[in-house]
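Novice: What follows is coords-v6.cif, made up of mmCIF, C-alpha atoms:
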```
data_work
#
loop_
_atom_site.group_PDB
_atom_site.id
_atom_site.type_symbol
_atom_site.label_atom_id
_atom_site.label_comp_id
_atom_site.auth_asym_id
_atom_site.auth_seq_id
_atom_site.Cartn_x
_atom_site.Cartn_y
_atom_site.Cartn_z
ATOM 1 C CA MET A 151 -146.622 149.453 -53.408
ATOM 2 C CA ALA A 152 -147.946 149.926 -56.912
ATOM 3 C CA LYS A 153 -147.808 146.964 -59.237
ATOM 4 C CA ARG A 154 -146.770 147.144 -62.864
ATOM 5 C CA PHE A 155 -149.802 146.445 -65.042
ATOM 6 C CA MET A 156 -149.485 145.956 -68.770
ATOM 7 C CA TYR A 157 -152.430 145.847 -71.116
ATOM 8 C CA MET A 158 -151.423 143.970 -74.248
ATOM 9 C CA ASN A 159 -153.514 144.768 -77.300
ATOM 10 C CA THR A 160 -153.216 142.236 -80.079
ATOM 11 C CA LYS A 161 -156.314 142.549 -82.251
ATOM 12 C CA ALA A 162 -157.720 144.977 -84.828
ATOM 13 C CA PRO A 163 -160.294 147.384 -83.370
ATOM 14 C CA TYR A 164 -163.701 146.454 -84.813
ATOM 15 C CA GLY A 165 -163.574 142.825 -85.976
ATOM 16 C CA THR A 166 -163.955 141.685 -82.378
ATOM 17 C CA VAL A 167 -164.886 143.424 -79.133
ATOM 18 C CA TYR A 168 -161.514 142.867 -77.449
ATOM 19 C CA ALA A 169 -160.048 146.308 -78.246
ATOM 20 C CA LEU A 170 -163.067 148.178 -76.882
ATOM 21 C CA GLU A 171 -163.316 146.025 -73.778
ATOM 22 C CA SER A 172 -159.575 146.369 -73.206
ATOM 23 C CA LEU A 173 -159.956 150.135 -73.239
ATOM 24 C CA GLU A 174 -162.741 149.850 -70.655
ATOM 25 C CA VAL A 175 -160.414 147.951 -68.317
ATOM 26 C CA VAL A 176 -157.647 150.515 -68.835
ATOM 27 C CA LEU A 177 -159.955 153.414 -67.958
ATOM 28 C CA ILE A 178 -161.304 151.734 -64.824
ATOM 29 C CA GLY A 179 -157.836 150.525 -63.860
ATOM 30 C CA ALA A 180 -156.458 154.074 -64.054
ATOM 31 C CA ALA A 181 -158.322 154.893 -60.839
ATOM 32 C CA PHE A 182 -156.237 152.348 -58.915
ATOM 33 C CA GLU A 183 -152.994 154.323 -59.196
ATOM 34 C CA GLN A 184 -150.858 151.451 -60.405
ATOM 35 C CA ASP A 185 -147.910 151.666 -62.802
ATOM 36 C CA VAL A 186 -149.692 151.232 -66.123
ATOM 37 C CA SER A 187 -148.325 150.445 -69.583
ATOM 38 C CA LEU A 188 -150.094 149.626 -72.802
ATOM 39 C CA ALA A 189 -148.583 147.587 -75.604
ATOM 40 C CA PHE A 190 -149.815 147.297 -79.160
ATOM 41 C CA ILE A 191 -148.571 144.322 -81.150
ATOM 42 C CA GLY A 192 -149.684 142.421 -84.245
ATOM 43 C CA ASP A 193 -153.009 143.641 -85.605
ATOM 44 C CA GLY A 194 -153.376 145.567 -82.327
ATOM 45 C CA VAL A 195 -151.405 148.419 -83.923
ATOM 46 C CA TYR A 196 -154.462 149.150 -86.094
ATOM 47 C CA GLN A 197 -156.252 150.364 -82.942
ATOM 48 C CA LEU A 198 -154.080 153.490 -82.917
ATOM 49 C CA LEU A 199 -154.504 154.438 -86.584
ATOM 50 C CA LYS A 200 -155.497 158.047 -87.068
ATOM 51 C CA GLY A 201 -158.465 159.086 -89.144
ATOM 52 C CA GLN A 202 -160.660 156.128 -88.281
ATOM 53 C CA ASP A 203 -164.156 156.340 -89.761
ATOM 54 C CA THR A 204 -166.637 153.678 -88.709
ATOM 55 C CA GLN A 205 -169.710 155.104 -90.409
ATOM 56 C CA GLY A 206 -169.717 152.397 -93.064
ATOM 57 C CA ILE A 207 -169.869 149.564 -90.513
ATOM 58 C CA GLY A 208 -172.379 151.213 -88.178
ATOM 59 C CA MET A 209 -170.176 150.843 -85.113
ATOM 60 C CA LYS A 210 -169.056 153.411 -82.592
ATOM 61 C CA ASN A 211 -165.651 154.929 -83.349
ATOM 62 C CA PHE A 212 -163.913 154.672 -79.987
ATOM 63 C CA SER A 213 -160.481 155.715 -81.254
ATOM 64 C CA PRO A 214 -160.721 159.288 -79.830
ATOM 65 C CA THR A 215 -160.551 157.695 -76.366
ATOM 66 C CA TYR A 216 -156.872 156.842 -76.877
ATOM 67 C CA ALA A 217 -156.082 160.558 -77.035
ATOM 68 C CA ALA A 218 -157.628 160.984 -73.575
ATOM 69 C CA LEU A 219 -155.418 158.359 -71.921
ATOM 70 C CA GLY A 220 -152.776 160.959 -71.048
ATOM 71 C CA ASP A 221 -155.323 162.686 -68.806
ATOM 72 C CA TYR A 222 -155.694 159.398 -66.909
ATOM 73 C CA ASP A 223 -151.916 159.231 -66.305
ATOM 74 C CA VAL A 224 -151.664 156.438 -68.832
ATOM 75 C CA ASN A 225 -148.633 157.617 -70.753
ATOM 76 C CA LYS A 226 -146.463 154.595 -71.442
ATOM 77 C CA ILE A 227 -147.733 153.278 -74.737
ATOM 78 C CA TYR A 228 -145.433 150.776 -76.396
ATOM 79 C CA VAL A 229 -145.869 150.110 -80.097
ATOM 80 C CA GLU A 230 -143.923 147.260 -81.616
ATOM 81 C CA LYS A 231 -141.848 148.416 -84.565
ATOM 82 C CA GLU A 232 -141.915 145.108 -86.449
ATOM 83 C CA SER A 233 -145.705 144.916 -86.207
ATOM 84 C CA LEU A 234 -146.007 148.326 -87.852
ATOM 85 C CA GLU A 235 -143.507 147.453 -90.577
ATOM 86 C CA GLU A 236 -145.125 144.102 -91.328
ATOM 87 C CA ARG A 237 -148.333 145.998 -92.064
ATOM 88 C CA GLY A 238 -146.722 148.726 -94.150
ATOM 89 C CA LEU A 239 -147.328 151.293 -91.402
ATOM 90 C CA SER A 240 -145.149 153.834 -89.639
ATOM 91 C CA LEU A 241 -145.552 156.120 -86.612
ATOM 92 C CA ASP A 242 -146.949 158.800 -88.941
ATOM 93 C CA ASP A 243 -150.008 156.640 -89.544
ATOM 94 C CA LEU A 244 -150.853 156.592 -85.830
ATOM 95 C CA GLN A 245 -152.528 159.183 -83.660
ATOM 96 C CA HIS A 246 -150.111 161.565 -81.973
ATOM 97 C CA LEU A 247 -150.698 160.681 -78.327
ATOM 98 C CA VAL A 248 -149.349 163.029 -75.667
ATOM 99 C CA TRP A 249 -149.446 163.641 -71.934
ATOM 100 C CA GLU A 250 -148.611 166.621 -69.758
ATOM 101 C CA ASP A 251 -145.768 166.227 -67.262
ATOM 102 C CA GLU A 252 -146.803 167.799 -63.973
ATOM 103 C CA ASP A 253 -143.178 167.771 -62.761
ATOM 104 C CA GLU A 254 -141.963 169.821 -65.734
ATOM 105 C CA ASP A 255 -144.503 172.627 -65.729
ATOM 106 C CA TRP A 256 -147.030 170.552 -67.676
ATOM 107 C CA ALA A 257 -144.692 170.103 -70.633
ATOM 108 C CA GLU A 258 -146.327 168.081 -73.380
ATOM 109 C CA LYS A 259 -144.584 164.774 -74.028
ATOM 110 C CA ASP A 260 -145.097 161.881 -76.412
ATOM 111 C CA SER A 261 -146.851 158.863 -74.952
ATOM 112 C CA ILE A 262 -145.948 156.442 -77.723
ATOM 113 C CA ARG A 263 -142.661 154.566 -77.415
ATOM 114 C CA LEU A 264 -141.638 152.747 -80.555
ATOM 115 C CA VAL A 265 -139.815 149.584 -79.492
ATOM 116 C CA SER A 266 -138.414 146.540 -81.211
ATOM 117 C CA ARG A 267 -139.800 143.077 -80.552
ATOM 118 C CA SER A 268 -136.871 142.184 -78.324
ATOM 119 C CA GLU A 269 -137.050 145.486 -76.403
ATOM 120 C CA LEU A 270 -140.749 144.889 -75.805
ATOM 121 C CA ALA A 271 -139.982 141.410 -74.526
ATOM 122 C CA ASP A 272 -137.793 143.004 -71.843
ATOM 123 C CA VAL A 273 -140.560 145.462 -70.916
ATOM 124 C CA ILE A 274 -143.052 142.605 -70.586
ATOM 125 C CA ASP A 275 -140.554 140.718 -68.455
ATOM 126 C CA ASP A 276 -140.554 143.606 -65.957
ATOM 127 C CA GLN A 277 -144.333 143.563 -65.433
ATOM 128 C CA ASP A 278 -146.211 142.148 -62.469
ATOM 129 C CA VAL A 279 -149.571 141.691 -64.227
ATOM 130 C CA VAL A 280 -150.069 141.299 -67.974
ATOM 131 C CA LEU A 281 -153.599 141.403 -69.326
ATOM 132 C CA SER A 282 -153.836 140.328 -72.942
ATOM 133 C CA PHE A 283 -156.653 141.361 -75.247
ATOM 134 C CA MET B 275 -149.999 130.719 -53.824
ATOM 135 C CA LYS B 276 -152.851 133.139 -54.298
ATOM 136 C CA PHE B 277 -154.323 133.030 -57.813
ATOM 137 C CA THR B 278 -156.928 134.973 -59.704
ATOM 138 C CA VAL B 279 -158.381 133.329 -62.787
ATOM 139 C CA GLN B 280 -159.735 135.383 -65.660
ATOM 140 C CA VAL B 281 -162.079 133.690 -68.145
ATOM 141 C CA ASN B 282 -162.384 135.524 -71.448
ATOM 142 C CA GLU B 283 -164.376 133.159 -73.627
ATOM 143 C CA GLY B 284 -167.862 131.691 -73.548
ATOM 144 C CA PRO B 285 -168.727 128.071 -72.800
ATOM 145 C CA TYR B 286 -168.666 125.306 -75.450
ATOM 146 C CA GLN B 287 -167.499 127.622 -78.267
ATOM 147 C CA HIS B 288 -164.007 127.756 -76.844
ATOM 148 C CA GLN B 289 -161.960 125.491 -74.595
ATOM 149 C CA ALA B 290 -160.816 128.423 -72.436
ATOM 150 C CA SER B 291 -163.624 128.003 -69.925
ATOM 151 C CA ASP B 292 -162.985 124.262 -69.559
ATOM 152 C CA THR B 293 -159.268 124.822 -69.061
ATOM 153 C CA ALA B 294 -159.889 127.604 -66.558
ATOM 154 C CA TYR B 295 -162.241 125.317 -64.633
ATOM 155 C CA HIS B 296 -159.725 122.460 -64.524
ATOM 156 C CA PHE B 297 -156.944 124.857 -63.523
ATOM 157 C CA THR B 298 -159.047 126.346 -60.725
ATOM 158 C CA LYS B 299 -160.110 122.938 -59.438
ATOM 159 C CA ALA B 300 -156.556 121.567 -59.550
ATOM 160 C CA ALA B 301 -155.149 124.642 -57.802
ATOM 161 C CA LEU B 302 -157.711 124.341 -55.005
ATOM 162 C CA GLU B 303 -157.039 120.616 -54.621
ATOM 163 C CA LYS B 304 -153.320 121.358 -54.303
ATOM 164 C CA GLY B 305 -154.086 123.717 -51.441
ATOM 165 C CA HIS B 306 -153.676 127.019 -53.299
ATOM 166 C CA GLU B 307 -155.981 129.942 -52.756
ATOM 167 C CA ILE B 308 -158.210 131.288 -55.513
ATOM 168 C CA PHE B 309 -158.781 134.940 -54.702
ATOM 169 C CA ARG B 310 -161.341 135.383 -57.443
ATOM 170 C CA VAL B 311 -162.573 134.043 -60.774
ATOM 171 C CA PHE B 312 -163.376 136.944 -63.069
ATOM 172 C CA PHE B 313 -165.499 136.501 -66.193
ATOM 173 C CA TYR B 314 -164.956 139.003 -68.997
ATOM 174 C CA HIS B 315 -165.751 139.383 -72.714
ATOM 175 C CA ASP B 316 -167.893 136.405 -73.836
ATOM 176 C CA GLY B 317 -166.712 134.696 -70.659
ATOM 177 C CA VAL B 318 -169.728 136.242 -68.925
ATOM 178 C CA ASN B 319 -171.883 133.689 -70.754
ATOM 179 C CA ASN B 320 -170.498 131.017 -68.447
ATOM 180 C CA GLY B 321 -172.755 132.499 -65.799
ATOM 181 C CA THR B 322 -176.206 131.991 -67.305
ATOM 182 C CA ARG B 323 -178.314 129.428 -65.475
ATOM 183 C CA LEU B 324 -180.443 128.911 -68.617
ATOM 184 C CA THR B 325 -177.636 126.861 -70.139
ATOM 185 C CA THR B 326 -179.085 123.495 -71.176
ATOM 186 C CA PRO B 327 -176.491 121.255 -72.797
ATOM 187 C CA PRO B 328 -177.330 117.706 -73.963
ATOM 188 C CA GLN B 329 -177.343 115.212 -71.100
ATOM 189 C CA ASP B 330 -174.259 113.351 -72.261
ATOM 190 C CA ASP B 331 -172.166 116.540 -72.208
ATOM 191 C CA ARG B 332 -170.658 118.473 -69.317
ATOM 192 C CA ASN B 333 -172.733 121.309 -67.855
ATOM 193 C CA ILE B 334 -170.145 124.066 -67.715
ATOM 194 C CA THR B 335 -172.209 126.599 -65.790
ATOM 195 C CA GLN B 336 -173.418 124.080 -63.239
ATOM 196 C CA ARG B 337 -169.886 122.797 -62.811
ATOM 197 C CA TRP B 338 -168.668 126.308 -61.926
ATOM 198 C CA SER B 339 -171.590 126.769 -59.508
ATOM 199 C CA GLU B 340 -170.772 123.498 -57.743
ATOM 200 C CA LEU B 341 -167.093 124.364 -57.479
ATOM 201 C CA ALA B 342 -167.998 127.764 -56.048
ATOM 202 C CA GLU B 343 -170.254 126.233 -53.438
ATOM 203 C CA LYS B 344 -167.726 123.621 -52.399
ATOM 204 C CA HIS B 345 -164.822 126.061 -52.048
ATOM 205 C CA ASN B 346 -166.638 129.295 -51.312
ATOM 206 C CA LEU B 347 -165.251 130.758 -54.575
ATOM 207 C CA ASP B 348 -165.768 134.402 -55.451
ATOM 208 C CA MET B 349 -166.997 134.312 -59.070
ATOM 209 C CA VAL B 350 -167.488 137.760 -60.555
ATOM 210 C CA VAL B 351 -169.120 138.588 -63.870
ATOM 211 C CA CYS B 352 -168.175 141.971 -65.350
ATOM 212 C CA ILE B 353 -171.246 144.195 -65.393
ATOM 213 C CA ALA B 354 -170.424 146.133 -68.576
ATOM 214 C CA ALA B 355 -169.642 142.979 -70.535
ATOM 215 C CA ALA B 356 -172.698 141.247 -69.044
ATOM 216 C CA GLN B 357 -175.157 143.993 -69.934
ATOM 217 C CA ARG B 358 -174.050 143.953 -73.586
ATOM 218 C CA ARG B 359 -174.628 140.233 -73.744
ATOM 219 C CA GLY B 360 -177.907 139.973 -71.847
ATOM 220 C CA LEU B 361 -176.735 138.543 -68.554
ATOM 221 C CA LEU B 362 -178.591 139.992 -65.570
ATOM 222 C CA ASP B 363 -179.101 139.362 -61.898
ATOM 223 C CA GLU B 364 -182.324 140.247 -60.117
ATOM 224 C CA ASP B 365 -181.252 143.771 -59.141
ATOM 225 C CA GLU B 366 -179.953 144.611 -62.623
ATOM 226 C CA ALA B 367 -183.073 143.225 -64.292
ATOM 227 C CA LYS B 368 -185.176 145.491 -62.094
ATOM 228 C CA ARG B 369 -182.935 148.506 -62.665
ATOM 229 C CA GLN B 370 -182.949 148.023 -66.432
ATOM 230 C CA GLY B 371 -186.660 147.257 -66.590
ATOM 231 C CA LYS B 372 -186.174 143.731 -67.945
ATOM 232 C CA ASP B 373 -188.704 140.947 -67.426
ATOM 233 C CA ALA B 374 -186.242 138.266 -66.349
ATOM 234 C CA ASN B 375 -182.832 137.554 -64.930
ATOM 235 C CA ASN B 376 -180.579 134.635 -65.723
ATOM 236 C CA ILE B 377 -177.539 134.592 -63.473
ATOM 237 C CA ALA B 378 -176.553 131.206 -62.096
ATOM 238 C CA GLU B 379 -175.923 130.227 -58.485
ATOM 239 C CA GLY B 380 -172.547 131.284 -57.141
ATOM 240 C CA PHE B 381 -171.948 134.078 -59.672
ATOM 241 C CA ARG B 382 -172.217 137.756 -58.834
ATOM 242 C CA ILE B 383 -172.226 140.786 -61.113
ATOM 243 C CA SER B 384 -169.782 143.575 -60.351
ATOM 244 C CA GLY B 385 -167.423 146.064 -61.960
ATOM 245 C CA LEU B 386 -164.050 145.898 -63.672
ATOM 246 C CA GLY B 387 -162.462 147.321 -60.527
ATOM 247 C CA GLN B 388 -162.793 143.797 -59.140
ATOM 248 C CA LEU B 389 -160.402 142.578 -61.839
ATOM 249 C CA ILE B 390 -157.821 145.262 -61.118
ATOM 250 C CA GLU B 391 -158.115 144.677 -57.374
ATOM 251 C CA ALA B 392 -157.626 140.963 -57.980
ATOM 252 C CA GLY B 393 -154.486 141.703 -59.997
ATOM 253 C CA ILE B 394 -153.158 143.768 -57.116
ATOM 254 C CA GLU B 395 -154.060 141.289 -54.380
ATOM 255 C CA SER B 396 -153.040 138.027 -56.074
ATOM 256 C CA ASP B 397 -149.602 136.530 -56.579
ATOM 257 C CA ARG B 398 -150.588 135.493 -60.108
ATOM 258 C CA LEU B 399 -153.377 136.514 -62.444
ATOM 259 C CA VAL B 400 -153.901 133.740 -64.967
ATOM 260 C CA THR B 401 -155.988 134.481 -68.045
ATOM 261 C CA PHE B 402 -157.763 131.935 -70.220
ATOM 262 C CA GLY B 403 -158.790 132.762 -73.776
ATOM 263 C CA GLY B 404 -158.765 136.072 -75.570
#
```
Could you render the structure as structure tokens?

Specialist:
Amino acid sequence: MAKRFMYMNTKAPYGTVYALESLEVVLIGAAFEQDVSLAFIGDGVYQLLKGQDTQGIGMKNFSPTYAALGDYDVNKIYVEKESLEERGLSLDDLQHLVWEDEDEDWAEKDSIRLVSRSELADVIDDQDVVLSF
Amino acid sequence: MKFTVQVNEGPYQHQASDTAYHFTKAALEKGHEIFRVFFYHDGVNNGTRLTTPPQDDRNITQRWSELAEKHNLDMVVCIAAAQRRGLLDEDEAKRQGKDANNIAEGFRISGLGQLIEAGIESDRLVTFGG
């Protein structure tokens, strides 16, 4: 039986390597056909910002990879509402992440689920394995 | 209970590796099974045999190696994280055309799939640091 894996992203994308190395685990993990969720909390919400430009810091911009997650059947992406608000951000500031539902004639659906802190706590409670980055 | 331990921080800089070691040792002494110890992020630096701490301090790498030998522990260093940080075994050094390798006794280099598999196979995956 598949286990519920959650990848918890808590840090801004370029200040440390955690965001990039979290993404590497997610991509490898997708091959194992488990029930996968991603969560973005705290400064982790900055990972999903659209229009990232890393030229000035000389680092690779890996943010386009998030848009590919739907193709890996990674389509439950929880973003904590309070974390966005605390940083003066809203859903409009994030990439529009979608996936195609095979069971509904490949209808395009939103991957991002905006949840409150207490709703997210319930989601975390339901997981079997939580990997925090 | 069957545990997997994930170590996300390097030695000495951060207490995570020490705590992970003490947790692993205590779990084994209580009769639990450690399915795997997986080293990720800067945690891969726990696996370099070139570590040379002052004599009056603990030798973190050697301590892991000894624990692995005593309990036949499976200690896996993530290959992608290791390559970024200059940690190589003999095969990888050859493949990458490097003039040396530095992996310590009891550690092996493998892929992130080993972490996911460990999460599937273990009752609990306990992470330290990060």

Novice: Applying the PyMOL selection byres ((chain A) within 8 of (chain B)) to the file I just gave you, which residues come out? Please list them as a VMD selection string.

Specialist: chain A and resid 153 167 to 168 171 175 178 to 179 182 279 281 to 283

Novice: Measuring atom to atom with only C-alpha atoms, identify which of A:Asp221, A:Leu270, A:Glu236, A:Met158 is nearest to A:Ala189.

Specialist: A:Met158

Novice: Could you check how far atom CA of B:Thr335 sits from atom CA of A:Tyr157, in Å to one decimal?

Specialist: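 Computing the Euclidean distance for atom CA of B:Thr335 and atom CA of A:Tyr157 yields 28.1 Å.
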
Novice: Write out as a PDB file with C-alpha atoms, in the frame of the given file each polymer residue whose atoms come within 6 Å of B:Ile377, counting only C-alpha atoms; drop sequence neighbours fewer than 3 positions from it.

Specialist:
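The result, written out as part_20.pdb:
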```
ATOM      1  CA  GLY B 321    -172.755 132.499 -65.799  1.00  0.00           C
ATOM      2  CA  THR B 322    -176.206 131.991 -67.305  1.00  0.00           C
ATOM      3  CA  ARG B 323    -178.314 129.428 -65.475  1.00  0.00           C
ATOM      4  CA  LEU B 362    -178.591 139.992 -65.570  1.00  0.00           C
ATOM      5  CA  ASP B 363    -179.101 139.362 -61.898  1.00  0.00           C
TER       6      ASP B 363
END
```

Novice: Please enumerate the residues selected by the PyMOL selection byres ((chain A and resi 278) around 7) when evaluated against the supplied file, formatted as a list in words.

Specialist: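 Selection result, ordered by chain and number: Lys153, Arg154, Phe155, Asp276, Gln277, Val279 and Val280 of chain A.
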
Novice: So what do you get for atom CA of B:Thr325 versus atom CA of B:Tyr286, distance-wise?

Specialist: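 Atom CA of B:Thr325 sits 10.5 Å away from atom CA of B:Tyr286.
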
Novice: Give me, please, the distance in Å between atom CA of A:Leu170 and atom CA of B:Asn376, quoted to one decimal.

Specialist: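 That distance, rounded to one decimal, is 24.8 Å.
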
Novice: Do you know which residues are at most 12 Å from stretch 243-251 of chain A counting only C-alpha atoms, after dropping those on the same chain fewer than 6 positions away, and could you put them as a ChimeraX atom specification?

Specialist: /A:190,194-202,213-229,234-235,237,257-264

Novice: Run the PyMOL selection byres ((chain B and resi 288) around 12) on the file and write out the hits as a list of chain:residue names.

Specialist: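 Applied to this file, the PyMOL selection byres ((chain B and resi 288) around 12) returns B:Val281, B:Asn282, B:Glu283, B:Gly284, B:Pro285, B:Tyr286, B:Gln287, B:Gln289, B:Ala290, B:Ser291, B:Asp292, B:Thr293, B:Ala294, B:Asp316, B:Gly317, B:Asn319, B:Asn320, B:Ile334, B:Phe402, B:Gly403, B:Gly404.
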